[in-house]
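Here the structure is laid out as structure tokens; the discussion comes afterwards.
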Amino acid sequence: MGRWLLRLASLAMSFAIVGGLAAVWGWSAFTQPGPLDQPTTVVVPRGAGLDGIARRLAEAGVIVDTTLFVIGAKATGSARGLKAGEYRFPASISSRDALGMIERGETVVRRITVAEGLTSIQVQDLLEDAEGLEGTAELPPEGSLLPETYHYSWGDDRAGIVRRMRRSMDETVARLWNERADDLPFKTPEQAVILASIVERETGVAGERGLVAGVFINRLKLGMRLQSDPTVAYGVAGGAGLDRPLTRGDLRTETPYNTYVIAGLPPGPICNPGLSALQAVLKPTQTDYLYFVANGSGGHAFARTLAQHNRNVRAWRRIQRQPASE
């Protein structure tokens, strides 16, 4: 009987030694540098599960042994906390570190940039083309989105991005409205956004926006029509963007947005204005200019009187008639 007990004890010790050696080997394999020879990106979809994640990592060459990865995840208590998303794994990352990245949700940060002056249709197209976004977003109201760079992760919802854009615009307009100049010729933040959208489309020169806003402010105060070409283009194209130059017939076409025909502001914005255009409208440059026209160098020539403006227009037309090689 004693001999059998000694044999059992010896066998148990052997199993313990073998098990301990296996555990040491397993932990070493789990923590040592992996096979990946260059950084790679792996998308972990929602609902993939631990086994599915292990297979994806093995297929991408991040890990070698899926069983070891699964056992390691369970042994470290990480199996239930793994997060879906897009991950960028560096070369030679260990199975343990790859697991840690997924547990912490260290996903790739993507960016989508909404340029100043895009229409809501154009922003919607931009979102549709953005890689990694899911779902659909209804066309947001014109002028309701703040142009800037937005960060997102793989699998984020398009409608959620639009909500962030609208919230940013609402907060920005509310802040600037509270800091606005006195004696502006409009009464609501919505009207300020309309005018800012016109300023945005009239000039891409940051230093001119205050002056352009000042001209429109002066014209509104005097009851003069704004006579803004971008509003005409918006009305003719229905917000989709006009792919040809305006004609004299366009300037006479009656639409709610044709500020050569209507008095005051159009019924809504013609684009999504950026921060600087909003600032320019709510704190315009003090000026007595009433007119401006392109000057041929990317900016505009400003005038106080119609006679001065007509001279500037003639100069601009001479520039337009010049051959492109000159």
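By convention here, the chains of the structure tokens are called A, B, ... in the order presented, each chain's residues are numbered starting at 1, and ligands are numbered starting at 1 in the order presented.
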
> Looking only at the backbone, which of the residues in stretch 155-296 of chain A does DSSP tag as helix (DSSP H, G or I), as a ChimeraX atom specification?
Replying inline: /A:158-178,189-202,206-222,229-237,248-252,275-282

> Got a sec: who's within 9 Å of A:Asp65, counting only C-alpha atoms, leaving out chain neighbours fewer than 3 positions off, as a VMD selection string?
Replying inline: chain A and resid 54 58 68 to 70 95

> Which residues, written as a VMD selection string, have at least one atom at most 8 Å from A:Ala98, with only C-alpha atoms counted and residues fewer than 4 positions away on the same chain left out?
Replying inline: chain A and resid 62 89 93 to 94 102

Can you write out the residues you just picked, keeping all heavy atoms, as a PDB file, in the first residue's frame?
ATOM      1  N   VAL A  62      -0.873  38.251 -37.159  1.00  0.00           N
ATOM      2  CA  VAL A  62      -0.533  38.919 -35.896  1.00  0.00           C
ATOM      3  C   VAL A  62      -0.120  37.895 -34.854  1.00  0.00           C
ATOM      4  O   VAL A  62       0.798  38.115 -34.067  1.00  0.00           O
ATOM      5  CB  VAL A  62      -1.729  39.749 -35.387  1.00  0.00           C
ATOM      6  CG1 VAL A  62      -1.397  40.419 -34.045  1.00  0.00           C
ATOM      7  CG2 VAL A  62      -2.118  40.797 -36.418  1.00  0.00           C
ATOM      8  N   PHE A  89      -1.909  47.077 -35.621  1.00  0.00           N
ATOM      9  CA  PHE A  89      -0.945  46.364 -34.787  1.00  0.00           C
ATOM     10  C   PHE A  89       0.476  46.606 -35.290  1.00  0.00           C
ATOM     11  O   PHE A  89       0.745  46.462 -36.482  1.00  0.00           O
ATOM     12  CB  PHE A  89      -1.242  44.864 -34.809  1.00  0.00           C
ATOM     13  CG  PHE A  89      -2.573  44.506 -34.198  1.00  0.00           C
ATOM     14  CD1 PHE A  89      -3.643  44.156 -35.011  1.00  0.00           C
ATOM     15  CD2 PHE A  89      -2.759  44.545 -32.825  1.00  0.00           C
ATOM     16  CE1 PHE A  89      -4.876  43.828 -34.452  1.00  0.00           C
ATOM     17  CE2 PHE A  89      -3.984  44.217 -32.261  1.00  0.00           C
ATOM     18  CZ  PHE A  89      -5.037  43.871 -33.070  1.00  0.00           C
ATOM     19  N   ILE A  93       4.366  42.499 -32.434  1.00  0.00           N
ATOM     20  CA  ILE A  93       3.557  42.604 -31.228  1.00  0.00           C
ATOM     21  C   ILE A  93       3.260  41.208 -30.679  1.00  0.00           C
ATOM     22  O   ILE A  93       3.014  40.260 -31.425  1.00  0.00           O
ATOM     23  CB  ILE A  93       2.244  43.359 -31.501  1.00  0.00           C
ATOM     24  CG1 ILE A  93       1.502  43.632 -30.183  1.00  0.00           C
ATOM     25  CG2 ILE A  93       1.367  42.627 -32.503  1.00  0.00           C
ATOM     26  CD1 ILE A  93       0.307  44.548 -30.341  1.00  0.00           C
ATOM     27  N   SER A  94       3.310  41.070 -29.376  1.00  0.00           N
ATOM     28  CA  SER A  94       3.019  39.782 -28.749  1.00  0.00           C
ATOM     29  C   SER A  94       1.522  39.542 -28.693  1.00  0.00           C
ATOM     30  O   SER A  94       0.719  40.472 -28.822  1.00  0.00           O
ATOM     31  CB  SER A  94       3.603  39.738 -27.331  1.00  0.00           C
ATOM     32  OG  SER A  94       2.895  40.646 -26.485  1.00  0.00           O
ATOM     33  N   ILE A 102      -6.986  45.257 -27.817  1.00  0.00           N
ATOM     34  CA  ILE A 102      -8.398  45.008 -28.105  1.00  0.00           C
ATOM     35  C   ILE A 102      -9.237  45.183 -26.839  1.00  0.00           C
ATOM     36  O   ILE A 102     -10.360  45.686 -26.894  1.00  0.00           O
ATOM     37  CB  ILE A 102      -8.577  43.603 -28.707  1.00  0.00           C
ATOM     38  CG1 ILE A 102      -7.771  43.487 -30.003  1.00  0.00           C
ATOM     39  CG2 ILE A 102     -10.049  43.321 -28.980  1.00  0.00           C
ATOM     40  CD1 ILE A 102      -7.754  42.095 -30.601  1.00  0.00           C
TER      41      ILE A 102
END

>> So the first atom is atom CA of A:Arg314 and the second is atom CA of A:Tyr291; what is the distance between them in Å, to one decimal place?
In response: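 These atoms are spaced 13.7 Å apart.
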
>> Here is a test: counting only C-alpha atoms, which residue of A:Gly299, A:Leu282, A:Asn272, A:Arg321 is nearest to A:Glu179?
In response: A:Leu282

At most 10 Å is the cut-off: for each residue in stretch 250-290 of chain A with any atom that close to an atom of stretch 152-173 of chain A, write down the nearest atom pair and the distance in Å rounded to one decimal, counting only C-alpha atoms, chain first then increasing number, as JSON lines.
{"residue": "A:Asn272", "atom": "CA", "partner": "A:Met169", "partner_atom": "CA", "distance": 9.2}
{"residue": "A:Pro273", "atom": "CA", "partner": "A:Met169", "partner_atom": "CA", "distance": 9.4}
{"residue": "A:Gly274", "atom": "CA", "partner": "A:Met169", "partner_atom": "CA", "distance": 9.0}
{"residue": "A:Leu275", "atom": "CA", "partner": "A:Thr172", "partner_atom": "CA", "distance": 7.8}
{"residue": "A:Leu278", "atom": "CA", "partner": "A:Val173", "partner_atom": "CA", "distance": 7.5}
{"residue": "A:Gln279", "atom": "CA", "partner": "A:Val173", "partner_atom": "CA", "distance": 9.1}
{"residue": "A:Leu282", "atom": "CA", "partner": "A:Val173", "partner_atom": "CA", "distance": 9.5}

>> What's around A:Arg209 at 7 Å? Count only C-alpha atoms, leave out sequence neighbours fewer than 5 positions away in its own chain, and write the answer as a list in words.
In response: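 Residues near the query, excluding close chain neighbours: Val199, Thr203, Ala277 and Ala280 of chain A.
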
Please write the residues from the selection above to a file, keeping N, CA, C and O atoms, as a tab-separated table (two decimals), in the first residue's frame.
chain	number	residue	atom	x	y	z
A	199	VAL	N	-21.41	85.18	-47.24
A	199	VAL	CA	-20.03	85.65	-47.11
A	199	VAL	C	-19.06	84.52	-47.42
A	199	VAL	O	-18.05	84.72	-48.10
A	203	THR	N	-16.13	84.84	-50.82
A	203	THR	CA	-14.67	85.01	-50.77
A	203	THR	C	-14.02	83.87	-50.00
A	203	THR	O	-14.53	83.42	-48.98
A	277	ALA	N	-16.38	82.91	-41.13
A	277	ALA	CA	-17.49	83.62	-41.79
A	277	ALA	C	-18.55	84.02	-40.76
A	277	ALA	O	-19.13	85.11	-40.84
A	280	ALA	N	-17.21	86.94	-38.89
A	280	ALA	CA	-17.20	88.14	-39.72
A	280	ALA	C	-18.57	88.80	-39.76
A	280	ALA	O	-18.69	90.03	-39.74
